file coords_25.txt (compact mmCIF, C-alpha atoms (C1' of nucleotides))
# COMPACT_ATOMS: atom_id res chain seq x y z
CA MET A 230 85.47 109.36 125.84
CA GLU A 231 87.47 109.39 129.07
CA LYS A 232 85.95 106.09 129.94
CA ASN A 233 87.71 104.64 126.93
CA ALA A 234 91.01 105.90 128.24
CA GLU A 235 90.35 104.26 131.57
CA ILE A 236 89.52 101.00 129.95
CA GLN A 237 92.61 101.20 127.81
CA GLN A 238 94.74 101.74 130.88
CA ALA A 239 93.18 98.72 132.50
CA VAL A 240 94.03 96.71 129.43
CA ASP A 241 97.66 97.60 129.77
CA ASN A 242 97.65 96.64 133.41
CA TYR A 243 98.71 93.07 133.99
CA ASP A 244 96.87 92.69 137.29
CA ALA A 245 93.51 93.60 135.81
CA VAL A 246 94.06 91.26 132.91
CA LYS A 247 95.21 88.53 135.23
CA GLN A 248 91.92 88.77 137.06
CA ILE A 249 89.92 88.51 133.86
CA PHE A 250 91.93 85.48 132.83
CA THR A 251 91.46 83.88 136.23
CA GLU A 252 87.73 84.34 136.01
CA TYR A 253 87.77 82.80 132.58
CA LEU A 254 89.77 79.80 133.78
CA ASN A 255 87.42 79.32 136.72
CA ARG A 256 84.33 79.61 134.56
CA THR A 257 85.63 77.12 132.02
CA LYS A 258 87.16 74.81 134.65
CA HIS A 259 90.73 75.07 133.42
CA ARG A 260 93.68 74.88 135.77
CA LYS A 261 95.52 78.00 136.77
CA THR A 262 99.07 76.99 135.94
CA PRO A 263 102.14 79.23 136.30
CA GLU A 264 102.92 78.76 132.60
CA ARG A 265 99.59 80.27 131.59
CA TYR A 266 100.12 83.33 133.76
CA SER A 267 103.70 83.88 132.69
CA ILE A 268 102.60 83.77 129.06
CA LEU A 269 99.83 86.27 129.76
CA LYS A 270 102.31 88.52 131.56
CA GLU A 271 104.87 88.36 128.79
CA ILE A 272 102.21 89.29 126.24
CA TYR A 273 100.77 92.15 128.24
CA THR A 274 104.06 93.78 129.24
CA ARG A 275 105.18 94.16 125.62
CA PRO A 276 103.66 96.25 122.88
CA GLY A 277 102.64 95.32 119.35
CA HIS A 278 102.06 92.20 117.31
CA PHE A 279 103.97 88.97 117.67
CA ASP A 280 104.00 85.40 116.41
CA ILE A 281 104.49 82.19 118.37
CA GLU A 282 108.16 81.84 117.52
CA THR A 283 108.93 85.41 118.63
CA LEU A 284 107.08 84.88 121.87
CA TYR A 285 108.91 81.60 122.40
CA ILE A 286 112.32 83.26 121.97
CA ARG A 287 111.36 86.19 124.16
CA MET A 288 110.25 83.94 127.00
CA LYS A 289 113.32 81.80 126.66
CA ASN A 290 115.49 84.91 127.04
CA ASN A 291 113.49 85.85 130.12
CA ARG A 292 114.39 82.60 131.90
CA TYR A 293 110.83 81.28 131.50
CA ARG A 294 110.65 77.68 130.37
CA VAL A 295 107.66 77.07 128.14
CA SER A 296 107.32 74.80 125.17
CA ARG A 297 105.85 75.80 121.86
CA ALA A 298 103.04 73.33 122.45
CA THR A 299 102.05 75.15 125.62
CA LEU A 300 102.23 78.47 123.81
CA TYR A 301 99.82 77.26 121.14
CA ASN A 302 97.62 75.73 123.79
CA THR A 303 97.52 78.86 125.92
CA MET A 304 96.91 81.17 122.96
CA GLU A 305 93.76 79.18 122.36
CA LEU A 306 92.53 80.00 125.85
CA LEU A 307 93.53 83.64 125.53
CA LEU A 308 91.66 83.88 122.24
CA GLU A 309 88.53 82.39 123.76
CA SER A 310 88.75 84.64 126.78
CA GLY A 311 88.99 87.65 124.44
CA LEU A 312 92.32 88.81 125.83
CA VAL A 313 94.13 88.24 122.56
CA VAL A 314 93.22 88.42 118.90
CA LYS A 315 94.74 86.46 116.06
CA HIS A 316 95.54 87.73 112.58
CA GLN A 317 96.51 85.84 109.49
CA PHE A 318 98.34 88.33 107.30
CA GLY A 319 99.33 86.64 104.05
CA GLN A 320 100.54 83.06 104.17
CA SER A 321 103.16 83.43 106.86
CA SER A 322 102.78 82.45 110.49
CA ALA A 323 99.80 83.76 112.46
CA GLN A 324 100.18 87.07 114.28
CA TYR A 325 98.70 87.66 117.73
CA GLU A 326 97.93 90.86 119.54
CA LYS A 327 96.77 91.73 123.06
CA CYS A 328 93.30 93.20 123.02
CA LEU A 329 90.17 93.17 125.08
CA CYS A 330 88.21 93.56 121.88
CA PHE A 331 86.51 96.75 123.00
CA GLN A 332 87.73 98.38 119.84
CA PRO A 333 88.07 96.21 116.81
CA HIS A 334 90.58 97.92 114.56
CA ASP A 335 92.10 97.51 111.13
CA HIS A 336 95.59 97.30 109.73
CA ALA A 337 97.79 98.71 107.00
CA ILE A 338 100.96 96.80 106.22
CA CYS A 339 103.94 98.31 104.46
CA LEU A 340 105.20 96.01 101.73
CA LYS A 341 108.71 97.39 102.06
CA CYS A 342 109.46 97.54 105.78
CA ARG A 343 106.66 95.24 106.99
CA LYS A 344 105.55 97.87 109.49
CA VAL A 345 101.96 97.50 110.72
CA ILE A 346 99.82 100.61 111.18
CA GLU A 347 96.64 100.29 113.23
CA PHE A 348 93.58 102.44 112.76
CA CYS A 349 89.89 102.49 113.60
CA GLU A 350 87.36 102.83 110.84
CA PRO A 351 83.73 103.51 111.66
CA ARG A 352 82.82 103.23 107.99
CA VAL A 353 83.39 99.49 108.14
CA GLY A 354 80.36 99.31 110.39
CA GLU A 355 78.32 101.02 107.70
CA ILE A 356 79.47 98.49 105.15
CA GLU A 357 78.29 95.80 107.55
CA LYS A 358 74.85 97.35 107.57
CA THR A 359 74.76 97.37 103.79
CA LEU A 360 75.76 93.73 103.79
CA LEU A 361 72.81 92.90 106.01
CA GLN A 362 70.39 94.89 103.88
CA THR A 363 71.63 93.55 100.57
CA PHE A 364 72.39 89.90 101.32
CA GLY A 365 70.87 89.31 104.74
CA PHE A 366 74.39 88.52 105.94
CA ARG A 367 74.95 89.10 109.66
CA ALA A 368 78.62 89.90 110.19
CA SER A 369 80.06 89.05 113.58
CA SER A 370 83.63 90.10 112.85
CA HIS A 371 85.79 91.35 110.04
CA SER A 372 89.34 91.72 108.81
CA LEU A 373 90.43 94.74 106.81
CA VAL A 374 94.03 94.96 105.70
CA PHE A 375 95.60 97.45 103.32
CA TYR A 376 98.86 96.66 101.60
CA GLY A 377 101.03 99.48 100.33
CA ILE A 378 103.93 101.76 101.10
CA CYS A 379 104.21 103.69 104.35
CA GLU A 380 105.23 107.33 104.59
CA ASP A 381 108.85 106.66 105.52
CA CYS A 382 109.44 104.15 102.74
CA SER A 383 107.66 106.49 100.36
CA LYS A 384 110.30 109.11 101.06
CA ASP A 385 113.19 106.68 100.73
CA GLY A 386 112.70 104.84 97.52
CA GLN A 387 109.94 106.42 95.52
CA ALA A 388 111.01 110.05 95.62
CA ASP A 389 110.87 110.14 91.83
CA PHE A 390 107.15 109.50 91.92
CA GLU A 391 106.61 112.68 93.86
CA LYS A 392 108.43 114.86 91.36
CA LYS A 393 106.15 113.83 88.55
CA ASP A 394 104.13 116.88 87.64
CA MET B 20 77.84 100.27 82.08
CA GLU B 21 77.39 97.97 79.09
CA LYS B 22 81.08 98.12 78.50
CA ASN B 23 81.57 96.41 81.82
CA ALA B 24 79.32 93.60 80.70
CA GLU B 25 81.39 93.22 77.55
CA ILE B 26 84.57 93.11 79.51
CA GLN B 27 83.10 90.58 81.88
CA GLN B 28 82.13 88.38 78.97
CA ALA B 29 85.64 88.63 77.63
CA VAL B 30 86.94 87.55 81.01
CA ASP B 31 84.86 84.43 80.86
CA ASN B 32 86.07 83.65 77.42
CA TYR B 33 89.08 81.39 77.38
CA ASP B 34 90.40 82.59 74.05
CA ALA B 35 90.58 86.19 75.15
CA VAL B 36 92.29 85.23 78.38
CA LYS B 37 94.66 82.95 76.52
CA GLN B 38 95.77 85.87 74.42
CA ILE B 39 96.41 88.01 77.48
CA PHE B 40 98.42 85.23 79.04
CA THR B 41 100.41 84.72 75.87
CA GLU B 42 101.28 88.38 75.73
CA TYR B 43 102.36 88.21 79.34
CA LEU B 44 104.55 85.17 78.69
CA ASN B 45 106.12 86.86 75.68
CA ARG B 46 106.73 90.07 77.55
CA THR B 47 108.35 88.31 80.50
CA LYS B 48 110.22 85.79 78.33
CA HIS B 49 108.58 82.71 79.74
CA ARG B 50 107.94 79.62 77.66
CA LYS B 51 104.49 78.86 76.37
CA THR B 52 104.08 75.29 77.56
CA PRO B 53 100.95 73.16 77.13
CA GLU B 54 100.74 72.69 80.89
CA ARG B 55 100.41 76.42 81.48
CA TYR B 56 97.61 76.74 78.97
CA SER B 57 95.71 73.73 80.21
CA ILE B 58 95.85 75.13 83.74
CA LEU B 59 94.59 78.49 82.55
CA LYS B 60 91.79 76.77 80.64
CA GLU B 61 90.75 74.64 83.59
CA ILE B 62 90.58 77.73 85.79
CA TYR B 63 88.64 79.84 83.34
CA THR B 64 86.05 77.24 82.40
CA ARG B 65 84.93 76.76 86.01
CA PRO B 66 83.30 79.24 88.37
CA GLY B 67 84.17 80.25 91.90
CA HIS B 68 87.08 79.95 94.27
CA PHE B 69 89.43 76.99 94.45
CA ASP B 70 92.61 75.85 96.14
CA ILE B 71 95.59 74.03 94.65
CA GLU B 72 94.52 70.58 95.79
CA THR B 73 91.03 70.98 94.29
CA LEU B 74 92.52 72.16 91.03
CA TYR B 75 94.95 69.24 91.04
CA ILE B 76 92.15 66.70 91.49
CA ARG B 77 89.98 68.38 88.88
CA MET B 78 92.74 68.31 86.31
CA LYS B 79 93.61 64.73 87.10
CA ASN B 80 89.99 63.75 86.49
CA ASN B 81 90.12 65.59 83.18
CA ARG B 82 92.99 63.43 81.90
CA TYR B 83 95.46 66.33 82.21
CA ARG B 84 98.76 65.39 83.77
CA VAL B 85 100.18 68.20 85.85
CA SER B 86 102.12 68.06 89.06
CA ARG B 87 101.38 70.15 92.12
CA ALA B 88 104.74 71.84 91.66
CA THR B 89 103.72 73.05 88.21
CA LEU B 90 100.40 74.24 89.57
CA TYR B 91 102.11 76.37 92.22
CA ASN B 92 104.60 77.58 89.66
CA THR B 93 101.93 78.52 87.13
CA MET B 94 99.71 80.21 89.71
CA GLU B 95 102.63 82.52 90.35
CA LEU B 96 102.64 83.56 86.70
CA LEU B 97 98.87 83.93 86.61
CA LEU B 98 99.00 86.11 89.70
CA GLU B 99 101.66 88.32 88.17
CA SER B 100 99.79 88.57 84.91
CA GLY B 101 96.70 89.67 86.85
CA LEU B 102 94.54 86.82 85.56
CA VAL B 103 94.11 85.31 89.01
CA VAL B 104 93.93 86.63 92.55
CA LYS B 105 94.95 84.84 95.71
CA HIS B 106 93.16 84.95 99.06
CA GLN B 107 94.30 83.72 102.43
CA PHE B 108 91.13 83.16 104.42
CA GLY B 109 92.08 81.98 107.89
CA GLN B 110 95.00 79.60 108.25
CA SER B 111 93.88 76.98 105.78
CA SER B 112 95.20 76.59 102.27
CA ALA B 113 95.26 79.59 99.97
CA GLN B 114 92.23 80.22 97.78
CA TYR B 115 92.55 81.39 94.20
CA GLU B 116 90.03 83.05 91.93
CA LYS B 117 89.99 84.03 88.27
CA CYS B 118 89.90 87.78 87.83
CA LEU B 119 91.22 90.41 85.50
CA CYS B 120 91.36 92.78 88.44
CA PHE B 121 89.22 95.42 86.79
CA GLN B 122 87.05 95.35 89.85
CA PRO B 123 88.70 94.56 93.12
CA HIS B 124 86.00 93.16 95.35
CA ASP B 125 85.50 92.02 98.91
CA HIS B 126 84.20 88.90 100.61
CA ALA B 127 81.80 87.78 103.31
CA ILE B 128 82.25 84.24 104.58
CA CYS B 129 79.56 82.30 106.36
CA LEU B 130 80.94 80.60 109.45
CA LYS B 131 78.31 77.87 109.22
CA CYS B 132 78.22 76.79 105.59
CA ARG B 133 81.53 78.37 104.47
CA LYS B 134 79.75 80.04 101.55
CA VAL B 135 81.59 83.03 100.11
CA ILE B 136 79.64 86.13 99.10
CA GLU B 137 81.36 88.67 96.85
CA PHE B 138 80.55 92.35 96.80
CA CYS B 139 82.01 95.65 95.69
CA GLU B 140 82.46 98.44 98.17
CA PRO B 141 83.35 101.93 96.97
CA ARG B 142 83.65 103.11 100.57
CA VAL B 143 86.87 101.16 100.91
CA GLY B 144 88.39 103.59 98.46
CA GLU B 145 87.42 106.43 100.74
CA ILE B 146 89.07 104.72 103.67
CA GLU B 147 92.20 104.47 101.53
CA LYS B 148 92.14 108.22 101.02
CA THR B 149 91.84 108.80 104.76
CA LEU B 150 94.79 106.48 105.28
CA LEU B 151 96.89 108.57 102.94
CA GLN B 152 95.85 111.83 104.60
CA THR B 153 96.31 110.58 108.16
CA PHE B 154 99.41 108.40 107.93
CA GLY B 155 100.82 109.13 104.50
CA PHE B 156 100.25 105.46 103.69
CA ARG B 157 99.81 104.71 99.98
CA ALA B 158 97.67 101.59 99.65
CA SER B 159 98.17 99.51 96.54
CA SER B 160 95.73 96.75 97.42
CA HIS B 161 93.51 95.60 100.24
CA SER B 162 91.67 92.64 101.70
CA LEU B 163 88.32 93.04 103.39
CA VAL B 164 86.61 89.95 104.76
CA PHE B 165 83.53 89.76 106.92
CA TYR B 166 82.82 86.67 108.98
CA GLY B 167 79.29 85.92 110.07
CA ILE B 168 76.11 84.05 109.25
CA CYS B 169 74.52 84.14 105.81
CA GLU B 170 70.81 84.57 105.19
CA ASP B 171 70.08 80.88 104.65
CA CYS B 172 71.89 79.72 107.76
CA SER B 173 70.25 82.53 109.69
CA LYS B 174 66.86 81.02 108.85
CA ASP B 175 67.95 77.50 109.68
CA GLY B 176 69.56 77.65 113.05
CA GLN B 177 68.90 81.03 114.54
CA ALA B 178 65.17 81.29 114.03
CA ASP B 179 64.74 81.98 117.75
CA PHE B 180 66.71 85.17 117.39
CA GLU B 181 64.16 86.53 114.94
CA LYS B 182 61.21 85.90 117.22
CA LYS B 183 62.72 87.98 119.96
CA ASP B 184 60.46 91.01 120.29
C1' DA C 266 95.18 60.59 144.43
C1' DT C 267 93.14 62.16 140.27
C1' DC C 268 93.67 63.54 135.75
C1' DC C 269 94.61 67.85 133.41
C1' DC C 270 98.65 70.18 131.75
C1' DT C 271 103.35 70.29 130.36
C1' DG C 272 107.50 69.33 127.48
C1' DC C 273 109.41 66.76 124.06
C1' DA C 274 109.50 64.96 119.71
C1' DA C 275 107.21 63.07 115.98
C1' DA C 276 103.49 63.65 112.70
C1' DG C 277 100.68 66.46 109.78
C1' DG C 278 99.28 69.60 105.97
C1' DG C 279 100.33 73.05 102.71
C1' DT C 280 104.03 74.93 100.10
C1' DT C 281 108.78 75.11 98.33
C1' DT C 282 112.92 73.16 96.58
C1' DG C 283 116.47 70.04 94.19
C1' DC C 284 117.33 67.32 90.62
C1' DA C 285 117.20 64.66 86.29
C1' DG C 286 114.85 64.26 82.19
C1' DA C 287 111.85 66.62 78.61
C1' DC C 288 110.87 70.07 75.36
C1' DG C 289 110.02 75.06 73.81
C1' DC C 290 112.86 78.09 71.59
C1' DG D 5 121.44 72.12 71.29
C1' DC D 6 120.73 75.39 75.06
C1' DG D 7 118.38 76.59 78.92
C1' DT D 8 113.97 76.59 80.99
C1' DC D 9 110.06 73.82 82.57
C1' DT D 10 108.25 69.61 84.26
C1' DG D 11 107.35 65.74 87.53
C1' DC D 12 108.70 63.47 91.38
C1' DA D 13 109.92 63.28 95.96
C1' DA D 14 112.20 65.11 99.70
C1' DA D 15 112.63 69.17 102.45
C1' DC D 16 110.54 72.90 104.71
C1' DC D 17 107.75 75.69 107.93
C1' DC D 18 104.17 76.27 111.05
C1' DT D 19 100.98 73.88 113.74
C1' DT D 20 98.92 69.83 115.90
C1' DT D 21 99.19 65.48 118.22
C1' DG D 22 100.77 61.43 121.25
C1' DC D 23 102.74 60.19 125.21
C1' DA D 24 104.84 59.94 129.76
C1' DG D 25 105.93 62.57 133.74
C1' DG D 26 104.54 66.46 136.85
C1' DG D 27 101.69 69.47 139.36
C1' DA D 28 96.96 71.85 140.31
C1' DT D 29 92.94 70.60 142.59
call {"tool": "encode", "arguments": {"input": "coords_25.txt", "output": "structure tokens"}}
result
Amino acid sequence: MEKNAEIQQAVDNYDAVKQIFTEYLNRTKHRKTPERYSILKEIYTRPGHFDIETLYIRMKNNRYRVSRATLYNTMELLLESGLVVKHQFGQSSAQYEKCLCFQPHDHAICLKCRKVIEFCEPRVGEIEKTLLQTFGFRASSHSLVFYGICEDCSKDGQADFEKKD
Amino acid sequence: MEKNAEIQQAVDNYDAVKQIFTEYLNRTKHRKTPERYSILKEIYTRPGHFDIETLYIRMKNNRYRVSRATLYNTMELLLESGLVVKHQFGQSSAQYEKCLCFQPHDHAICLKCRKVIEFCEPRVGEIEKTLLQTFGFRASSHSLVFYGICEDCSKDGQADFEKKD
DNA sequence: ATCCCTGCAAAGGGTTTGCAGACGC
DNA sequence: GCGTCTGCAAACCCTTTGCAGGGAT
């Protein structure tokens, strides 16, 4: 329980993450370039989801000079090292998220304000078991996304729905 | 129970679907063009998932003349009429599937052979309820996809894993 | 000094759009 | 005949690729 909190804190700490990344780069014989570390830093010092274009703009505003090509390239390494996860919500551009993958979690996206809610769902694990029993399918990962209306937007526009009695 | 079977048969029947589509076109004041019906027919007389390019080739081989633009356009109508659902697995092209949406279902995709398994999961509905209670989020739809190795591919390549005792 | 990595720009693939002609209404 | 739908091709967006120069090792 408290161990999880510790881990989570480590995740938010750039130095710890930097070390993990360095080990990954050493292990896979990739060069430790300043661009790669500045990208990692930018990702880990900001909360939430982001796409490549957003990250590109953010880094540009922070006086870093990185090309989109390098961003795509580096995201690949971060994905493989498990420091980042990638989501493909709908048909728009891919969304990335910092994560050490200790806790796979799921998402609910508001169709009005595009807000993303994150939550953990142990029952998904049970569904996985059923999948194995029924089809012999061994799941290694999953994606669960709910689309709907969040609480705030529910209050705003659909107040009439509530009155219905 | 048996009613479901009846419904399912109706779904597979082009004439029944044609009528539903016609009603939709009337209701929404869209024109009933031959292209739209031939697309609907092509979709409903073949099983499984497909993408636009596959559908385009298939129709070309069947002496139908439709452009990709019309396919995209018509898919939009079929989506809105509930006769087709759209999936975005990964970052490749969108996958479509015939469906009257009586039974929303989920998918498991084999990372080796790309086979898609379909299954229904009532527990997802329970997760939806939790989402409403916890965050006040009203889900209107969802997407649940498992990635892993199917039974067949498990036998092929990972036989060693089974022996482990 | 090697040769991987970077930045730039062009190419690529899927989807959308603009336009002129066709045809459902 | 009016106004929408079609086919074609160009435009579009996100992502990948090719190439020459630069920097990590």
call {"tool": "interface_residues", "arguments": {"input": "coords_25.txt", "of": "chain B", "to": "chain C", "cutoff": "8 Å", "atoms": "only C-alpha atoms (C1' of nucleotides)", "output": "VMD selection string"}}
result
chain B and resid 50 to 52 112
call {"tool": "write_last_selection", "arguments": {"input": "coords_25.txt", "atoms": "C-alpha atoms", "output": "mmCIF file, in the frame of the given file"}}
result
data_model
loop_
_atom_site.group_PDB
_atom_site.id
_atom_site.type_symbol
_atom_site.label_atom_id
_atom_site.label_comp_id
_atom_site.auth_asym_id
_atom_site.auth_seq_id
_atom_site.Cartn_x
_atom_site.Cartn_y
_atom_site.Cartn_z
ATOM 1 C CA ARG B 50 107.940 79.620 77.660
ATOM 2 C CA LYS B 51 104.490 78.860 76.370
ATOM 3 C CA THR B 52 104.080 75.290 77.560
ATOM 4 C CA SER B 112 95.200 76.590 102.270
#
call {"tool": "closest_atom_pairs", "arguments": {"input": "coords_25.txt", "of": "chain A", "to": "chain D", "cutoff": "10 Å", "atoms": "all atoms listed in the file", "output": "CSV"}}
result
residue,atom,partner,partner_atom,distance
A:His259,CA,D:DA28,C1',9.8
A:Arg260,CA,D:DA28,C1',6.4
A:Lys261,CA,D:DA28,C1',7.2
A:Thr262,CA,D:DA28,C1',7.1
A:Pro263,CA,D:DA28,C1',9.9
A:Ile281,CA,D:DC18,C1',9.4
A:Glu282,CA,D:DC18,C1',9.4
A:Arg297,CA,D:DT19,C1',9.7
A:Ala298,CA,D:DT20,C1',8.5
A:Tyr301,CA,D:DT19,C1',8.2
A:Asn302,CA,D:DT20,C1',9.9
A:Ser321,CA,D:DC18,C1',8.4
A:Ser322,CA,D:DC18,C1',6.4
A:Ala323,CA,D:DC18,C1',8.8
call {"tool": "atom_distance", "arguments": {"input": "coords_25.txt", "atom1": "atom CA of Ser267 of chain A", "atom2": "atom CA of Lys247 of chain A"}}
result
10.0 Å
call {"tool": "interface_residues", "arguments": {"input": "coords_25.txt", "of": "chain B", "to": "chain A", "cutoff": "12 Å", "atoms": "all atoms listed in the file", "output": "PyMOL selection string"}}
result
chain B and resi 105-114+125-131+134-174+177+180
call {"tool": "atom_distance", "arguments": {"input": "coords_25.txt", "atom1": "atom CA of Ile268 of chain A", "atom2": "atom CA of Cys328 of chain A"}}
result
14.6 Å
